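Shown next: model.pdb, containing PDB, C-alpha atoms, pLDDT in the B column.
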ATOM      1  CA  MET A 255       0.000   0.000   0.000  1.00 45.00           C
ATOM      2  CA  ARG A 256       1.854   3.069  -1.248  1.00 45.00           C
ATOM      3  CA  THR A 257       0.596   6.433  -0.044  1.00 46.00           C
ATOM      4  CA  ASP A 258       3.118   8.646  -1.852  1.00 46.00           C
ATOM      5  CA  ALA A 259       6.610   8.512  -3.316  1.00 44.00           C
ATOM      6  CA  ARG A 260       8.234   9.364   0.011  1.00 46.00           C
ATOM      7  CA  THR A 261       6.631   6.556   2.045  1.00 44.00           C
ATOM      8  CA  PRO A 262       7.984   3.039   1.491  1.00 55.00           C
ATOM      9  CA  GLU A 263       5.555   0.154   1.357  1.00 83.00           C
ATOM     10  CA  MET A 264       4.531  -1.830   4.415  1.00 89.00           C
ATOM     11  CA  ASP A 265       2.375  -4.945   4.289  1.00 92.00           C
ATOM     12  CA  GLN A 266       0.585  -6.895   7.022  1.00 93.00           C
ATOM     13  CA  ALA A 267       3.383  -9.435   7.481  1.00 94.00           C
ATOM     14  CA  ALA A 268       6.071  -6.755   7.777  1.00 94.00           C
ATOM     15  CA  PHE A 269       3.961  -4.667  10.141  1.00 95.00           C
ATOM     16  CA  ALA A 270       3.088  -7.661  12.314  1.00 94.00           C
ATOM     17  CA  ALA A 271       6.776  -8.599  12.538  1.00 95.00           C
ATOM     18  CA  LEU A 272       7.631  -5.007  13.460  1.00 96.00           C
ATOM     19  CA  VAL A 273       5.148  -4.732  16.331  1.00 96.00           C
ATOM     20  CA  GLU A 274       5.928  -8.252  17.558  1.00 94.00           C
ATOM     21  CA  THR A 275       9.595  -7.313  17.717  1.00 94.00           C
ATOM     22  CA  TYR A 276       9.450  -3.738  19.014  1.00 96.00           C
ATOM     23  CA  GLY A 277       6.015  -3.465  20.621  1.00 95.00           C
ATOM     24  CA  ALA A 278       3.180  -1.040  20.052  1.00 95.00           C
ATOM     25  CA  ASP A 279       5.037   2.185  20.859  1.00 95.00           C
ATOM     26  CA  PRO A 280       6.183   3.812  17.592  1.00 95.00           C
ATOM     27  CA  LYS A 281       9.114   5.443  19.405  1.00 95.00           C
ATOM     28  CA  ARG A 282      10.698   1.971  19.672  1.00 95.00           C
ATOM     29  CA  TRP A 283      10.296   1.191  15.966  1.00 96.00           C
ATOM     30  CA  PRO A 284      13.305   1.590  13.644  1.00 94.00           C
ATOM     31  CA  GLU A 285      13.346   5.125  12.311  1.00 94.00           C
ATOM     32  CA  LYS A 286      13.742   3.985   8.695  1.00 93.00           C
ATOM     33  CA  ARG A 287      10.517   1.974   8.840  1.00 93.00           C
ATOM     34  CA  ARG A 288       8.490   4.187  11.168  1.00 94.00           C
ATOM     35  CA  ALA A 289       6.801   6.378   8.540  1.00 93.00           C
ATOM     36  CA  ALA A 290       5.528   3.425   6.535  1.00 94.00           C
ATOM     37  CA  ALA A 291       4.483   1.608   9.699  1.00 95.00           C
ATOM     38  CA  LEU A 292       2.519   4.607  10.950  1.00 95.00           C
ATOM     39  CA  VAL A 293       0.658   4.739   7.635  1.00 94.00           C
ATOM     40  CA  PHE A 294      -0.092   1.009   7.801  1.00 95.00           C
ATOM     41  CA  ALA A 295      -1.193   1.341  11.446  1.00 95.00           C
ATOM     42  CA  GLU A 296      -4.172   3.352  10.200  1.00 94.00           C
ATOM     43  CA  THR A 297      -5.540   0.344   8.312  1.00 94.00           C
ATOM     44  CA  PRO A 298      -7.904  -2.125  10.040  1.00 95.00           C
ATOM     45  CA  ASP A 299      -5.240  -4.878   9.948  1.00 94.00           C
ATOM     46  CA  GLY A 300      -2.635  -2.501  11.316  1.00 95.00           C
ATOM     47  CA  ALA A 301      -4.917  -1.280  14.099  1.00 95.00           C
ATOM     48  CA  GLU A 302      -5.662  -4.865  15.139  1.00 95.00           C
ATOM     49  CA  SER A 303      -1.954  -5.738  15.235  1.00 95.00           C
ATOM     50  CA  LEU A 304      -1.327  -2.638  17.351  1.00 95.00           C
ATOM     51  CA  ARG A 305      -4.114  -3.587  19.786  1.00 96.00           C
ATOM     52  CA  ARG A 306      -2.624  -7.062  20.261  1.00 95.00           C
ATOM     53  CA  ALA A 307       0.876  -5.664  20.721  1.00 96.00           C
ATOM     54  CA  ALA A 308      -0.381  -3.065  23.202  1.00 96.00           C
ATOM     55  CA  ARG A 309      -2.072  -5.785  25.280  1.00 96.00           C
ATOM     56  CA  LEU A 310       1.166  -7.777  25.342  1.00 94.00           C
ATOM     57  CA  ASP A 311       3.176  -4.658  26.254  1.00 94.00           C
ATOM     58  CA  ALA A 312       0.797  -3.971  29.149  1.00 94.00           C
ATOM     59  CA  ALA A 313       1.072  -7.560  30.407  1.00 92.00           C
ATOM     60  CA  LEU A 314       4.872  -7.451  30.218  1.00 90.00           C
ATOM     61  CA  ASP A 315       4.915  -4.138  32.088  1.00 89.00           C
ATOM     62  CA  LEU A 316       3.032  -5.817  34.951  1.00 91.00           C
ATOM     63  CA  ALA A 317       5.455  -8.727  35.187  1.00 87.00           C
ATOM     64  CA  HIS A 318       8.265  -8.377  37.690  1.00 85.00           C
ATOM     65  CA  PRO A 319      11.077 -10.907  37.427  1.00 83.00           C
ATOM     66  CA  PRO A 320      12.135 -12.453  40.720  1.00 85.00           C
ATOM     67  CA  MET A 321      15.229 -11.001  42.348  1.00 83.00           C
ATOM     68  CA  PRO A 322      18.123 -13.430  42.708  1.00 79.00           C
ATOM     69  CA  ALA A 323      18.952 -14.598  46.213  1.00 86.00           C
ATOM     70  CA  ALA A 324      21.703 -12.684  47.972  1.00 86.00           C
ATOM     71  CA  ALA A 325      23.783 -15.865  48.163  1.00 88.00           C
ATOM     72  CA  LEU A 326      23.653 -16.275  44.384  1.00 88.00           C
ATOM     73  CA  ALA A 327      24.666 -12.671  43.803  1.00 84.00           C
ATOM     74  CA  GLY A 328      27.549 -13.126  46.247  1.00 85.00           C
ATOM     75  CA  ARG A 329      28.761 -16.251  44.433  1.00 86.00           C
ATOM     76  CA  ILE A 330      28.636 -14.483  41.085  1.00 84.00           C
ATOM     77  CA  LEU A 331      30.610 -11.508  42.383  1.00 82.00           C
ATOM     78  CA  ALA A 332      33.151 -13.741  44.129  1.00 81.00           C
ATOM     79  CA  GLY A 333      33.643 -15.716  40.927  1.00 77.00           C
ATOM     80  CA  ALA A 334      34.174 -12.525  38.952  1.00 74.00           C
ATOM     81  CA  GLU A 335      36.792 -11.311  41.420  1.00 69.00           C
ATOM     82  CA  GLN A 336      38.654 -14.623  41.192  1.00 69.00           C
ATOM     83  CA  ARG A 337      38.686 -14.481  37.398  1.00 67.00           C
ATOM     84  CA  VAL A 338      39.929 -10.902  37.354  1.00 66.00           C
ATOM     85  CA  THR A 339      42.582 -11.724  39.920  1.00 73.00           C
ATOM     86  CA  PHE A 340      43.716 -14.753  37.918  1.00 77.00           C
ATOM     87  CA  ALA A 341      43.800 -12.702  34.712  1.00 76.00           C
ATOM     88  CA  ILE A 342      45.836  -9.968  36.371  1.00 77.00           C
ATOM     89  CA  ARG A 343      48.270 -12.493  37.846  1.00 76.00           C
ATOM     90  CA  LEU A 344      48.656 -14.202  34.494  1.00 80.00           C
ATOM     91  CA  ARG A 345      49.304 -10.920  32.704  1.00 81.00           C
ATOM     92  CA  ARG A 346      51.885  -9.905  35.311  1.00 79.00           C
ATOM     93  CA  PHE A 347      53.582 -13.276  34.957  1.00 78.00           C
ATOM     94  CA  LEU A 348      53.683 -13.044  31.182  1.00 83.00           C
ATOM     95  CA  VAL A 349      54.984  -9.467  31.221  1.00 82.00           C
ATOM     96  CA  GLY A 350      57.675 -10.422  33.732  1.00 73.00           C
ATOM     97  CA  ALA A 351      58.618 -13.495  31.740  1.00 68.00           C
ATOM     98  CA  GLY A 352      59.017 -11.450  28.549  1.00 59.00           C
TER      99      GLY A 352
END

How does the structure come out when it is put into structure tokens?
Amino acid sequence: MRTDARTPEMDQAAFAALVETYGADPKRWPEKRRAAALVFAETPDGAESLRRAARLDAALDLAHPPMPAAALAGRILAGAEQRVTFAIRLRRFLVGAG
């Protein structure tokens, strides 16, 4: 569906993929495809895809992932410190050996 020479085409499959990937908020859509998507959003198929994406966005906004246990966070940080320490020691060894 071409509206004018400046607006690239957008079909139902491309629009559905866009809103499934980026959600219903046009600010999150790729800038290069936004103009065509906004034109397609005015069609009945586009409006329906937007409604479905908006419902999913709202549901995801309500979901709160569980926080990791403090013990897990401590183990992760301790492991990171050990790796950094080992990497630093190895680098110092290699520089000294050279």

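Atom pair atom CA of Arg288 of chain A / atom CA of Glu263 of chain A has a distance of 11.0 Å (rounded to one decimal).
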
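The gap separating atom CA of Arg282 of chain A from atom CA of Pro320 of chain A is 25.6 Å, in Å to one decimal.
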
Q: Convert the output of the PyMOL selection byres ((chain A and resi 308) around 12) on the shown file into explicit residues, formatted as a ChimeraX atom specification.
A: /A:273-274,276-280,301-307,309-315

Q. Which polymer residues have any atom within 9 Å of an atom of Phe294 of chain A, counting all atoms listed in the file, with same-chain residues fewer than 6 positions away left out, as number ranges by chain?
A. A: 255, 263-266, 269, 300-301

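One finds atom CA of Ala334 of chain A at 19.8 Å from atom CA of Phe347 of chain A.
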
Reconstructed N, CA, C and O atoms for segment 271-296 of chain A, given as an mmCIF file, in the coordinates of the input:
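Wrote it out as out-v1.cif, contents follow:
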data_model
loop_
_atom_site.group_PDB
_atom_site.id
_atom_site.type_symbol
_atom_site.label_atom_id
_atom_site.label_comp_id
_atom_site.auth_asym_id
_atom_site.auth_seq_id
_atom_site.Cartn_x
_atom_site.Cartn_y
_atom_site.Cartn_z
ATOM 1 N N ALA A 271 5.428 -8.278 12.050
ATOM 2 C CA ALA A 271 6.776 -8.599 12.538
ATOM 3 C C ALA A 271 7.366 -7.416 13.297
ATOM 4 O O ALA A 271 8.021 -7.594 14.328
ATOM 5 N N LEU A 272 7.110 -6.210 12.810
ATOM 6 C CA LEU A 272 7.631 -5.007 13.460
ATOM 7 C C LEU A 272 7.068 -4.848 14.869
ATOM 8 O O LEU A 272 7.816 -4.670 15.834
ATOM 9 N N VAL A 273 5.741 -4.938 15.003
ATOM 10 C CA VAL A 273 5.148 -4.732 16.331
ATOM 11 C C VAL A 273 5.404 -5.908 17.261
ATOM 12 O O VAL A 273 5.475 -5.730 18.470
ATOM 13 N N GLU A 274 5.572 -7.113 16.710
ATOM 14 C CA GLU A 274 5.928 -8.252 17.558
ATOM 15 C C GLU A 274 7.346 -8.107 18.092
ATOM 16 O O GLU A 274 7.652 -8.543 19.199
ATOM 17 N N THR A 275 8.206 -7.486 17.317
ATOM 18 C CA THR A 275 9.595 -7.313 17.717
ATOM 19 C C THR A 275 9.783 -6.122 18.641
ATOM 20 O O THR A 275 10.464 -6.222 19.664
ATOM 21 N N TYR A 276 9.185 -4.987 18.302
ATOM 22 C CA TYR A 276 9.450 -3.738 19.014
ATOM 23 C C TYR A 276 8.304 -3.262 19.898
ATOM 24 O O TYR A 276 8.468 -2.305 20.649
ATOM 25 N N GLY A 277 7.145 -3.882 19.805
ATOM 26 C CA GLY A 277 6.015 -3.465 20.621
ATOM 27 C C GLY A 277 5.163 -2.423 19.920
ATOM 28 O O GLY A 277 5.396 -2.045 18.773
ATOM 29 N N ALA A 278 4.171 -1.933 20.640
ATOM 30 C CA ALA A 278 3.180 -1.040 20.052
ATOM 31 C C ALA A 278 3.600 0.421 20.044
ATOM 32 O O ALA A 278 2.987 1.228 19.351
ATOM 33 N N ASP A 279 4.617 0.784 20.774
ATOM 34 C CA ASP A 279 5.037 2.185 20.859
ATOM 35 C C ASP A 279 5.896 2.554 19.649
ATOM 36 O O ASP A 279 6.999 2.037 19.493
ATOM 37 N N PRO A 280 5.415 3.448 18.791
ATOM 38 C CA PRO A 280 6.183 3.812 17.592
ATOM 39 C C PRO A 280 7.571 4.376 17.887
ATOM 40 O O PRO A 280 8.454 4.302 17.037
ATOM 41 N N LYS A 281 7.789 4.908 19.063
ATOM 42 C CA LYS A 281 9.114 5.443 19.405
ATOM 43 C C LYS A 281 10.174 4.342 19.421
ATOM 44 O O LYS A 281 11.350 4.623 19.258
ATOM 45 N N ARG A 282 9.752 3.093 19.634
ATOM 46 C CA ARG A 282 10.698 1.971 19.672
ATOM 47 C C ARG A 282 10.938 1.358 18.296
ATOM 48 O O ARG A 282 11.819 0.529 18.139
ATOM 49 N N TRP A 283 10.157 1.747 17.305
ATOM 50 C CA TRP A 283 10.296 1.191 15.966
ATOM 51 C C TRP A 283 11.520 1.796 15.288
ATOM 52 O O TRP A 283 11.880 2.951 15.537
ATOM 53 N N PRO A 284 12.166 1.037 14.390
ATOM 54 C CA PRO A 284 13.305 1.590 13.644
ATOM 55 C C PRO A 284 12.882 2.838 12.861
ATOM 56 O O PRO A 284 11.831 2.848 12.216
ATOM 57 N N GLU A 285 13.687 3.849 12.935
ATOM 58 C CA GLU A 285 13.346 5.125 12.311
ATOM 59 C C GLU A 285 13.105 4.997 10.806
ATOM 60 O O GLU A 285 12.213 5.642 10.256
ATOM 61 N N LYS A 286 13.873 4.138 10.143
ATOM 62 C CA LYS A 286 13.742 3.985 8.695
ATOM 63 C C LYS A 286 12.397 3.399 8.284
ATOM 64 O O LYS A 286 11.943 3.617 7.170
ATOM 65 N N ARG A 287 11.778 2.637 9.178
ATOM 66 C CA ARG A 287 10.517 1.974 8.840
ATOM 67 C C ARG A 287 9.311 2.631 9.509
ATOM 68 O O ARG A 287 8.175 2.253 9.242
ATOM 69 N N ARG A 288 9.560 3.602 10.353
ATOM 70 C CA ARG A 288 8.490 4.187 11.168
ATOM 71 C C ARG A 288 7.412 4.870 10.333
ATOM 72 O O ARG A 288 6.216 4.686 10.585
ATOM 73 N N ALA A 289 7.799 5.650 9.330
ATOM 74 C CA ALA A 289 6.801 6.378 8.540
ATOM 75 C C ALA A 289 5.838 5.421 7.851
ATOM 76 O O ALA A 289 4.615 5.602 7.911
ATOM 77 N N ALA A 290 6.384 4.404 7.217
ATOM 78 C CA ALA A 290 5.528 3.425 6.535
ATOM 79 C C ALA A 290 4.669 2.665 7.533
ATOM 80 O O ALA A 290 3.498 2.377 7.271
ATOM 81 N N ALA A 291 5.238 2.349 8.683
ATOM 82 C CA ALA A 291 4.483 1.608 9.699
ATOM 83 C C ALA A 291 3.342 2.452 10.252
ATOM 84 O O ALA A 291 2.251 1.937 10.502
ATOM 85 N N LEU A 292 3.584 3.737 10.446
ATOM 86 C CA LEU A 292 2.519 4.607 10.950
ATOM 87 C C LEU A 292 1.374 4.702 9.949
ATOM 88 O O LEU A 292 0.203 4.750 10.344
ATOM 89 N N VAL A 293 1.701 4.724 8.660
ATOM 90 C CA VAL A 293 0.658 4.739 7.635
ATOM 91 C C VAL A 293 -0.123 3.425 7.680
ATOM 92 O O VAL A 293 -1.356 3.422 7.669
ATOM 93 N N PHE A 294 0.588 2.300 7.765
ATOM 94 C CA PHE A 294 -0.092 1.009 7.801
ATOM 95 C C PHE A 294 -0.908 0.850 9.084
ATOM 96 O O PHE A 294 -1.937 0.180 9.090
ATOM 97 N N ALA A 295 -0.472 1.451 10.171
ATOM 98 C CA ALA A 295 -1.193 1.341 11.446
ATOM 99 C C ALA A 295 -2.602 1.914 11.354
ATOM 100 O O ALA A 295 -3.467 1.562 12.157
ATOM 101 N N GLU A 296 -2.843 2.762 10.375
ATOM 102 C CA GLU A 296 -4.172 3.352 10.200
ATOM 103 C C GLU A 296 -5.153 2.404 9.519
ATOM 104 O O GLU A 296 -6.357 2.664 9.517
#
